[in-house]
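The file run10.txt contains compact mmCIF, C-alpha atoms:
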# COMPACT_ATOMS: atom_id res chain seq x y z
CA GLN A 1 0.00 0.00 0.00
CA HIS A 2 2.89 2.37 0.71
CA PRO A 3 5.80 1.14 -1.45
CA ASP A 4 7.77 4.38 -1.09
CA ASN A 5 7.30 4.98 2.64
CA ALA A 6 10.83 4.91 4.07
CA GLN A 7 9.65 4.41 7.65
CA ILE A 8 7.59 1.35 6.77
CA LEU A 9 10.33 -0.09 4.55
CA SER A 10 12.89 0.39 7.33
CA ALA A 11 10.67 -1.34 9.88
CA LEU A 12 10.00 -4.21 7.51
CA GLY A 13 13.70 -4.55 6.69
CA ASP A 14 14.51 -4.62 10.40
CA ASP A 15 11.95 -7.40 10.90
CA PHE A 16 13.37 -9.45 8.02
CA ILE A 17 16.85 -9.13 9.55
CA ALA A 18 15.54 -10.28 12.95
CA LEU A 19 13.73 -13.19 11.30
CA GLY A 20 16.85 -14.18 9.39
CA LYS A 21 18.91 -14.26 12.60
CA LEU A 22 16.33 -16.52 14.27
CA GLN A 23 16.30 -18.81 11.24
CA LEU A 24 20.09 -19.06 11.34
CA LYS A 25 19.98 -20.05 15.01
CA ALA A 26 17.45 -22.75 14.08
CA GLY A 27 19.77 -24.04 11.36
CA LYS A 28 17.43 -22.95 8.54
CA THR A 29 20.09 -21.41 6.32
CA ALA A 30 18.03 -21.36 3.11
CA ALA A 31 15.15 -19.57 4.82
CA ALA A 32 17.56 -17.11 6.46
CA THR A 33 19.10 -16.36 3.06
CA SER A 34 15.65 -15.51 1.69
CA SER A 35 14.92 -13.25 4.68
CA PHE A 36 18.18 -11.33 4.43
CA GLN A 37 17.71 -10.99 0.66
CA ALA A 38 14.22 -9.57 1.26
CA ALA A 39 15.72 -7.08 3.72
CA VAL A 40 18.36 -6.02 1.19
CA ASP A 41 15.76 -5.64 -1.59
CA GLY A 42 13.47 -3.52 0.58
CA LEU A 43 16.12 -1.38 2.26
CA ARG A 44 17.71 -0.55 -1.08
CA LYS A 45 14.80 1.86 -1.59
CA VAL A 46 15.39 3.62 1.74
CA PRO A 47 17.76 6.59 2.19
CA ILE A 48 20.75 5.19 4.06
CA GLY A 49 21.42 6.42 7.56
CA SER A 50 20.38 3.78 10.05
CA GLY A 51 22.91 1.18 8.90
CA LEU A 52 20.17 -1.38 8.37
CA PHE A 53 21.00 -1.91 4.71
CA MET A 54 24.65 -2.46 5.53
CA GLY A 55 23.72 -4.93 8.28
CA ALA A 56 21.50 -6.89 5.91
CA CYS A 57 24.26 -6.94 3.29
CA HIS A 58 26.76 -8.24 5.84
CA ALA A 59 24.43 -11.00 7.00
CA LEU A 60 23.66 -12.11 3.44
CA SER A 61 27.30 -11.88 2.38
CA ASP A 62 28.38 -13.97 5.39
CA ILE A 63 25.93 -16.75 4.49
CA HIS A 64 27.16 -16.84 0.88
CA GLU A 65 30.80 -16.85 2.03
CA GLN A 66 30.27 -19.69 4.52
CA ALA A 67 28.52 -21.69 1.81
CA GLY A 68 31.45 -21.17 -0.55
CA ARG A 69 29.48 -18.86 -2.85
CA LEU A 70 32.16 -16.19 -2.90
CA ASP A 71 30.96 -14.61 -6.16
CA GLU A 72 27.60 -13.93 -4.53
CA ALA A 73 29.25 -12.71 -1.32
CA ILE A 74 31.35 -10.23 -3.32
CA ARG A 75 28.33 -9.02 -5.30
CA VAL A 76 26.37 -8.32 -2.12
CA GLN A 77 29.34 -6.59 -0.51
CA ARG A 78 29.63 -4.23 -3.48
CA HIS A 79 26.02 -3.20 -2.85
CA GLY A 80 26.95 -2.37 0.72
CA ILE A 81 29.81 -0.19 -0.45
CA GLU A 82 27.51 1.75 -2.77
CA ALA A 83 25.18 2.45 0.13
CA VAL A 84 27.71 3.75 2.63
CA ARG A 85 29.64 5.63 -0.04
CA ASP A 86 26.59 7.82 -0.55
CA VAL A 87 26.64 8.72 3.14
CA THR A 88 30.35 9.56 3.09
CA ASP A 89 29.87 11.77 0.04
CA GLU A 90 27.06 13.59 1.86
CA PHE A 91 29.07 14.02 5.09
CA PRO A 92 32.73 14.03 3.92
CA ASP A 93 34.11 15.54 7.12
CA GLN A 94 32.55 13.08 9.57
CA LEU A 95 35.16 10.57 10.69
CA ARG A 96 32.69 7.81 11.63
CA TYR A 97 31.16 7.69 8.14
CA ARG A 98 34.58 7.70 6.51
CA THR A 99 35.72 4.87 8.78
CA MET A 100 32.54 2.94 8.00
CA THR A 101 33.00 3.29 4.23
CA ALA A 102 36.68 2.37 4.42
CA GLY A 103 35.71 -0.69 6.46
CA GLU A 104 33.38 -1.84 3.68
CA HIS A 105 36.20 -1.59 1.11
CA TYR A 106 38.41 -3.55 3.51
CA ARG A 107 35.74 -6.23 3.89
CA LEU A 108 35.49 -6.46 0.09
CA GLY A 109 39.27 -6.82 -0.11
CA ARG A 110 39.21 -9.77 2.27
CA LEU A 111 36.51 -11.50 0.22
CA LEU A 112 38.38 -10.92 -3.03
CA ARG A 113 41.60 -12.22 -1.52
CA ALA A 114 39.82 -15.38 -0.32
CA HIS A 115 38.56 -15.77 -3.90
CA GLY A 116 42.10 -15.53 -5.28
CA GLN A 117 41.47 -12.16 -6.96
CA LEU A 118 44.60 -10.61 -5.47
CA ASP A 119 44.93 -7.57 -7.74
CA GLU A 120 41.32 -6.57 -7.12
CA ALA A 121 41.79 -7.21 -3.40
CA LEU A 122 44.82 -4.94 -3.37
CA ALA A 123 42.79 -2.23 -5.10
CA ALA A 124 40.06 -2.54 -2.44
CA TYR A 125 42.63 -2.26 0.37
CA ARG A 126 44.11 0.82 -1.32
CA ASP A 127 40.62 2.37 -1.54
CA ALA A 128 40.15 1.79 2.18
CA ILE A 129 43.53 3.27 3.02
CA GLU A 130 43.02 6.29 0.78
CA LEU A 131 39.73 7.11 2.49
CA MET A 132 41.38 7.02 5.92
CA ASP A 133 44.66 8.69 4.96
CA GLU A 134 42.77 11.67 3.54
CA LYS A 135 41.31 12.21 7.01
CA MET A 136 44.11 11.05 9.29
CA GLY A 137 47.31 11.27 7.27
CA GLY A 138 48.41 14.68 8.55
CA ASP A 139 49.85 15.84 11.84
CA GLN A 140 46.57 17.29 13.09
CA SER A 141 44.33 15.15 15.26
CA PRO A 142 41.18 14.33 13.26
CA ASP A 143 37.76 15.58 14.25
CA GLY A 144 35.65 13.10 16.17
CA THR A 145 35.22 11.63 19.63
CA ALA A 146 38.14 9.91 21.33
CA GLU A 147 36.51 6.54 20.70
CA GLN A 148 36.01 7.32 16.99
CA VAL A 149 39.67 8.32 16.67
CA ARG A 150 40.80 5.10 18.40
CA SER A 151 38.55 3.06 16.14
CA ALA A 152 39.87 4.82 13.04
CA ARG A 153 43.51 4.27 14.05
CA SER A 154 42.83 0.60 14.70
CA ALA A 155 41.12 0.30 11.31
CA ARG A 156 44.03 1.92 9.47
CA ALA A 157 46.46 -0.50 11.07
CA SER A 158 44.29 -3.44 9.96
CA PHE A 159 44.11 -2.13 6.39
CA TYR A 160 47.89 -1.85 6.09
CA ARG A 161 48.38 -5.27 7.73
CA ASP A 162 46.12 -7.02 5.23
CA MET A 163 47.60 -5.07 2.33
CA THR A 164 51.03 -6.32 3.49
CA GLN A 165 49.83 -9.92 3.28
CA CYS A 166 48.24 -9.33 -0.13
CA LEU A 167 51.46 -7.84 -1.51
CA GLU A 168 53.40 -10.84 -0.18
CA ASN A 169 50.94 -13.16 -1.94
CA LEU A 170 51.51 -11.19 -5.15
CA GLY A 171 55.29 -11.59 -4.84
CA ARG A 172 56.04 -7.91 -4.25
CA PRO A 173 58.32 -8.05 -1.19
CA ASP A 174 59.63 -4.48 -1.27
CA GLU A 175 56.13 -2.99 -1.29
CA ALA A 176 55.05 -5.49 1.35
CA ALA A 177 57.93 -4.46 3.63
CA LYS A 178 57.00 -0.80 3.25
CA ALA A 179 53.35 -1.52 4.07
CA ARG A 180 54.39 -3.61 7.09
CA ARG A 181 56.52 -0.78 8.45
CA LYS A 182 53.55 1.57 8.12
CA ALA A 183 51.26 -0.93 9.83
CA ILE A 184 53.69 -1.30 12.75
CA GLU A 185 53.89 2.48 13.05
CA LEU A 186 50.09 2.74 13.16
CA VAL A 187 49.75 -0.07 15.71
CA GLY A 188 52.11 1.90 17.92
CA GLN A 189 49.67 4.83 17.85
CA ILE A 190 46.99 2.73 19.56
CA GLU A 191 47.48 3.42 23.27
CA PRO A 192 46.25 0.49 25.41
CA GLU A 193 44.17 1.26 28.49
CA SER A 194 43.55 -2.23 29.86
CA ALA A 195 45.06 -5.71 29.95
CA GLY A 196 42.78 -6.74 27.09
CA GLU A 197 43.98 -3.86 24.93
CA TRP A 198 47.64 -4.64 25.68
CA ARG A 199 46.95 -8.21 24.57
CA GLN A 200 45.19 -7.05 21.41
CA ARG A 201 48.05 -4.73 20.46
CA GLY A 202 50.55 -7.48 21.18
CA LYS A 203 48.63 -9.81 18.86
CA ARG A 204 48.69 -7.12 16.16
CA TYR A 205 52.46 -6.85 16.52
CA TYR A 206 52.73 -10.65 16.34
CA ASP A 207 50.73 -10.70 13.10
CA LEU A 208 53.18 -8.13 11.68
CA GLU A 209 56.19 -10.17 12.87
CA ALA A 210 57.28 -7.35 15.21
CA ASP A 211 58.18 -9.96 17.79
CA GLU A 212 60.02 -7.85 20.37
CA LYS A 213 57.16 -5.35 20.50
CA ALA A 214 54.68 -8.23 20.73
CA LEU A 215 56.58 -9.73 23.67
CA ALA A 216 56.60 -6.40 25.51
CA ASP A 217 52.84 -5.84 25.10
CA LEU A 218 51.83 -9.41 25.92
CA SER A 219 54.07 -9.40 28.99
CA LYS A 220 52.37 -6.18 30.12
CA ALA A 221 48.96 -7.84 29.69
CA ILE A 222 50.12 -10.80 31.80
CA GLU A 223 51.48 -8.45 34.47
CA LEU A 224 48.12 -6.69 34.69
CA ARG A 225 45.93 -9.81 34.61
CA PRO A 226 48.01 -12.91 35.43
CA GLU A 227 44.86 -15.05 35.67
CA TYR A 228 44.13 -14.70 31.91
CA ALA A 229 45.22 -17.57 29.65
CA SER A 230 45.02 -15.74 26.28
CA PRO A 231 48.09 -13.47 26.59
CA ARG A 232 50.21 -16.40 27.79
CA ARG A 233 49.03 -18.46 24.83
CA GLN A 234 49.87 -15.69 22.39
CA ARG A 235 53.23 -15.00 24.00
CA SER A 236 54.03 -18.70 23.52
CA TRP A 237 53.46 -18.18 19.78
CA VAL A 238 56.06 -15.43 19.75
CA TYR A 239 58.59 -17.49 21.71
CA ARG A 240 58.04 -20.46 19.41
CA ARG A 241 58.62 -18.36 16.31
CA LEU A 242 61.81 -16.99 17.89
CA GLY A 243 62.94 -20.55 18.62
CA ASN A 244 62.66 -20.17 22.42
CA LEU A 245 60.82 -23.47 22.82
CA GLU A 246 61.33 -23.87 26.57
CA LEU A 247 59.78 -20.44 27.21
CA ALA A 248 56.98 -21.25 24.75
CA LEU A 249 56.33 -24.52 26.62
CA ALA A 250 56.26 -22.74 29.98
CA ASP A 251 53.72 -20.20 28.73
CA VAL A 252 51.37 -22.66 27.07
CA SER A 253 51.57 -24.98 30.10
CA LYS A 254 50.53 -22.11 32.37
CA ALA A 255 47.71 -21.26 29.94
CA ILE A 256 46.47 -24.88 30.16
CA GLU A 257 46.61 -24.66 33.96
CA LEU A 258 44.40 -21.56 33.75
CA ASN A 259 42.07 -23.01 31.10
CA PRO A 260 42.34 -26.83 31.17
CA SER A 261 39.28 -27.46 28.98
CA ASN A 262 40.72 -25.66 25.93
CA ARG A 263 41.40 -28.21 23.19
CA GLU A 264 43.54 -25.87 21.09
CA LEU A 265 45.92 -25.19 23.98
CA ASN A 266 46.58 -28.91 24.40
CA LEU A 267 47.25 -29.27 20.68
CA GLU A 268 49.61 -26.30 20.74
CA ARG A 269 51.56 -27.80 23.64
CA ALA A 270 51.70 -31.12 21.76
CA LYS A 271 53.34 -29.35 18.81
CA ILE A 272 55.89 -27.62 21.05
CA CYS A 273 56.68 -30.90 22.82
CA ARG A 274 57.14 -32.51 19.43
CA ASP A 275 59.60 -29.76 18.47
CA LEU A 276 61.44 -30.52 21.73
CA ARG A 277 61.33 -34.26 20.88
CA GLN A 278 59.24 -34.95 23.98
CA PHE A 279 57.11 -37.39 22.02
CA ASP A 280 55.36 -39.16 24.90
CA GLN A 281 54.10 -35.84 26.27
CA ALA A 282 53.06 -34.73 22.78
CA LEU A 283 51.03 -37.91 22.26
CA GLU A 284 49.45 -37.53 25.70
CA ASP A 285 48.44 -33.92 24.96
CA CYS A 286 46.86 -34.99 21.68
CA GLN A 287 44.90 -37.71 23.43
CA HIS A 288 43.75 -35.25 26.08
CA ALA A 289 42.63 -32.81 23.35
CA ILE A 290 40.58 -35.58 21.72
CA GLY A 291 38.70 -36.20 24.96
CA ILE A 292 37.81 -32.56 25.72
CA ASN A 293 34.14 -31.68 25.19
CA PRO A 294 33.51 -33.82 22.09
CA ASP A 295 29.93 -32.49 21.95
CA ASN A 296 31.36 -29.02 21.19
CA ASP A 297 33.18 -30.41 18.15
CA ARG A 298 30.18 -31.52 16.12
CA SER A 299 32.03 -31.41 12.81
CA GLY A 300 34.82 -33.52 14.30
CA SER A 301 37.52 -31.37 12.66
CA ALA A 302 39.31 -30.43 15.90
CA ARG A 303 39.55 -34.03 17.09
CA ALA A 304 40.58 -35.06 13.58
CA ASP A 305 43.52 -32.65 13.78
CA ALA A 306 44.59 -34.25 17.06
CA PHE A 307 44.44 -37.77 15.59
CA ALA A 308 46.38 -36.56 12.54
CA LEU A 309 49.09 -35.01 14.72
CA ARG A 310 49.43 -38.32 16.58
CA GLY A 311 49.78 -39.97 13.17
CA ASP A 312 52.52 -37.52 12.19
CA ILE A 313 54.48 -38.29 15.36
CA TYR A 314 54.18 -42.06 14.88
CA ALA A 315 55.07 -41.87 11.18
CA ASP A 316 57.74 -39.17 11.01
CA ASP A 317 59.35 -39.25 14.44
CA LEU A 318 58.90 -42.80 15.74
CA SER A 319 58.82 -44.75 12.43
CA GLN A 320 55.76 -46.69 13.64
CA ASN A 321 53.76 -46.62 10.43
CA GLU A 322 51.20 -49.24 11.45
CA GLN A 323 50.14 -47.10 14.42
CA ALA A 324 50.28 -44.02 12.20
CA VAL A 325 47.76 -45.65 9.84
CA ILE A 326 45.43 -46.26 12.80
CA GLU A 327 45.64 -42.62 13.86
CA TYR A 328 45.17 -41.25 10.33
CA SER A 329 42.21 -43.59 9.83
CA ARG A 330 40.55 -42.14 12.93
CA ALA A 331 41.12 -38.65 11.57
CA ILE A 332 39.61 -39.66 8.22
CA GLU A 333 36.54 -41.13 9.92
CA LEU A 334 35.88 -37.68 11.38
CA ASP A 335 36.83 -35.72 8.25
CA PRO A 336 36.53 -38.08 5.25
CA ASP A 337 37.12 -35.44 2.57
CA ASN A 338 40.38 -34.14 3.97
CA ALA A 339 42.92 -34.66 1.21
CA GLY A 340 45.85 -34.06 3.57
CA TYR A 341 44.89 -36.89 5.90
CA LEU A 342 44.43 -39.28 2.98
CA GLU A 343 47.80 -38.31 1.54
CA LYS A 344 49.51 -38.92 4.88
CA ARG A 345 47.85 -42.31 5.33
CA GLY A 346 48.80 -43.19 1.78
CA SER A 347 52.44 -42.35 2.53
CA ALA A 348 52.33 -44.50 5.68
CA TYR A 349 50.90 -47.43 3.69
CA GLN A 350 53.67 -46.87 1.13
CA ALA A 351 56.32 -47.03 3.87
CA MET A 352 54.78 -50.33 5.00
CA GLY A 353 54.95 -51.71 1.46
CA ASP A 354 51.16 -51.82 1.00
CA THR A 355 51.18 -50.29 -2.47
CA GLU A 356 47.55 -51.09 -3.26
CA ARG A 357 46.13 -49.17 -0.30
CA ALA A 358 48.74 -46.44 -0.74
CA SER A 359 47.68 -45.89 -4.37
CA ALA A 360 43.99 -45.79 -3.44
CA ASP A 361 44.55 -43.14 -0.76
CA LEU A 362 46.93 -41.03 -2.84
CA GLU A 363 44.65 -41.09 -5.88
CA LYS A 364 41.64 -40.06 -3.80
CA ALA A 365 43.68 -37.30 -2.13
CA SER A 366 44.73 -35.98 -5.54
CA ARG A 367 41.13 -36.02 -6.79
CA LEU A 368 39.83 -34.22 -3.72
CA GLY A 369 42.60 -31.64 -4.01
CA GLU A 370 41.69 -30.91 -7.61
CA GLU A 371 38.00 -30.58 -6.71
CA GLN A 372 38.78 -28.16 -3.88
CA VAL A 373 40.96 -26.00 -6.13
CA GLY A 374 38.23 -26.01 -8.77
CA SER A 375 35.57 -24.92 -6.29
Could you express the structure from this file as structure tokens?
Amino acid sequence: QHPDNAQILSALGDDFIALGKLQLKAGKTAAATSSFQAAVDGLRKVPIGSGLFMGACHALSDIHEQAGRLDEAIRVQRHGIEAVRDVTDEFPDQLRYRTMTAGEHYRLGRLLRAHGQLDEALAAYRDAIELMDEKMGGDQSPDGTAEQVRSARSARASFYRDMTQCLENLGRPDEAAKARRKAIELVGQIEPESAGEWRQRGKRYYDLEADEKALADLSKAIELRPEYASPRRQRSWVYRRLGNLELALADVSKAIELNPSNRELNLERAKICRDLRQFDQALEDCQHAIGINPDNDRSGSARADAFALRGDIYADDLSQNEQAVIEYSRAIELDPDNAGYLEKRGSAYQAMGDTERASADLEKASRLGEEQVGS
């Protein structure tokens, strides 16, 4: 009755978004897709301002991405960019709108990179950076609340970090190094105010391979909140990359003491113990990881990784290929289309002289690998 009434269209779009979220929780992905699409179609006719259209685009794009429909996810994301770009053009001096628009370009870049479209991804990252540098590239503090400025600085650092990775993927090391230096500089402008923020900045430094800075920030987070497992876990990553395996082991062991039901922590300690050639402890940690909250691993992928790591230790470190086959077989039961597990079991069969089973596994692994590349 009122096809051009913005208030009614906004309310209807909001309801479709709420319905879609409920449908997702109920596992009705197809119905949720239809609801979010209806929200996008309706809100496209509404002057942007509430962020509803962008929220609907994000929800729909996420569903397409999780289903492997990256072309559709990218198409929807481009619609979101068009919407917020209009707002930025209308209010060019408002930092929050500029940050929002830059964030949409960044999101597009991540989708394109996942789709293997690296040159287009790089262009999207550059668009995001250009929008922010125009506002924040000078010596003057930008207009906006303190929280908006902090958010914008954090966003800029993320844009340069991902552009660094994209340039590395494209085989352009000099440009990547320059972008990394800029990202590290921008991360340093984010002033932490709590243990959580020290940890977050330390993780950013770790992602940029600024290991000494990462160690300093993560150590500060631990000093402030010694009962938290996360900064100890992340500091162990830094120590492991630096080759300080004993310190890495101490940190991850303390993290497990603080959070004993975390499967990933046990797997990480198993890998460090393997590096230290403490194979019995590594196997024990894998077994413990397998037994932690199996109901929370409905896909079985986490337990499959633990079985596969046990297989690697038996095959590569202990030369016990028969036991390795048992472990890999358990991993394959949980994740039957994992080409890597099949390839490893095939290699173990080959080492045992069972060429027939080795050929079957290796051929299937090759076929699955080709299918995954094609998709």
Quick one: contact table of segment 271-310 of chain A to segment 337-357 of chain A, 12 Å max, nearest atom pair and distance in Å to one decimal per residue, counting all atoms listed in the file, chain and number order, as a Markdown table?
| residue | atom | partner | partner_atom | distance |
| --- | --- | --- | --- | --- |
| A:Gly300 | CA | A:Asn338 | CA | 11.7 |
| A:Ser301 | CA | A:Asn338 | CA | 9.6 |
| A:Ala304 | CA | A:Tyr341 | CA | 9.0 |
| A:Asp305 | CA | A:Tyr341 | CA | 9.1 |
| A:Ala306 | CA | A:Tyr341 | CA | 11.5 |
| A:Phe307 | CA | A:Tyr341 | CA | 9.7 |
| A:Ala308 | CA | A:Tyr341 | CA | 6.8 |
| A:Leu309 | CA | A:Tyr341 | CA | 9.9 |
| A:Arg310 | CA | A:Tyr341 | CA | 11.7 |
What is the atom CA of Thr145 of chain A-atom CA of Gln94 of chain A distance in Å, reported with one decimal?
-> 10.5 Å
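Distances to Ala67 of chain A were evaluated for A:Thr99, A:Asn266, A:Thr33, A:Ser219 using only C-alpha atoms, and the minimum falls at A:Thr33.
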Residues within 10 Å of Leu112 of chain A, only C-alpha atoms, excluding chain neighbours under 3 positions, as a PyMOL selection string | chain A and resi 70-71+73-74+106-109+115-124
Can you tell me how far atom CA of Gly13 of chain A sits from atom CA of Gly42 of chain A, in Å to one decimal?
-> 6.2 Å
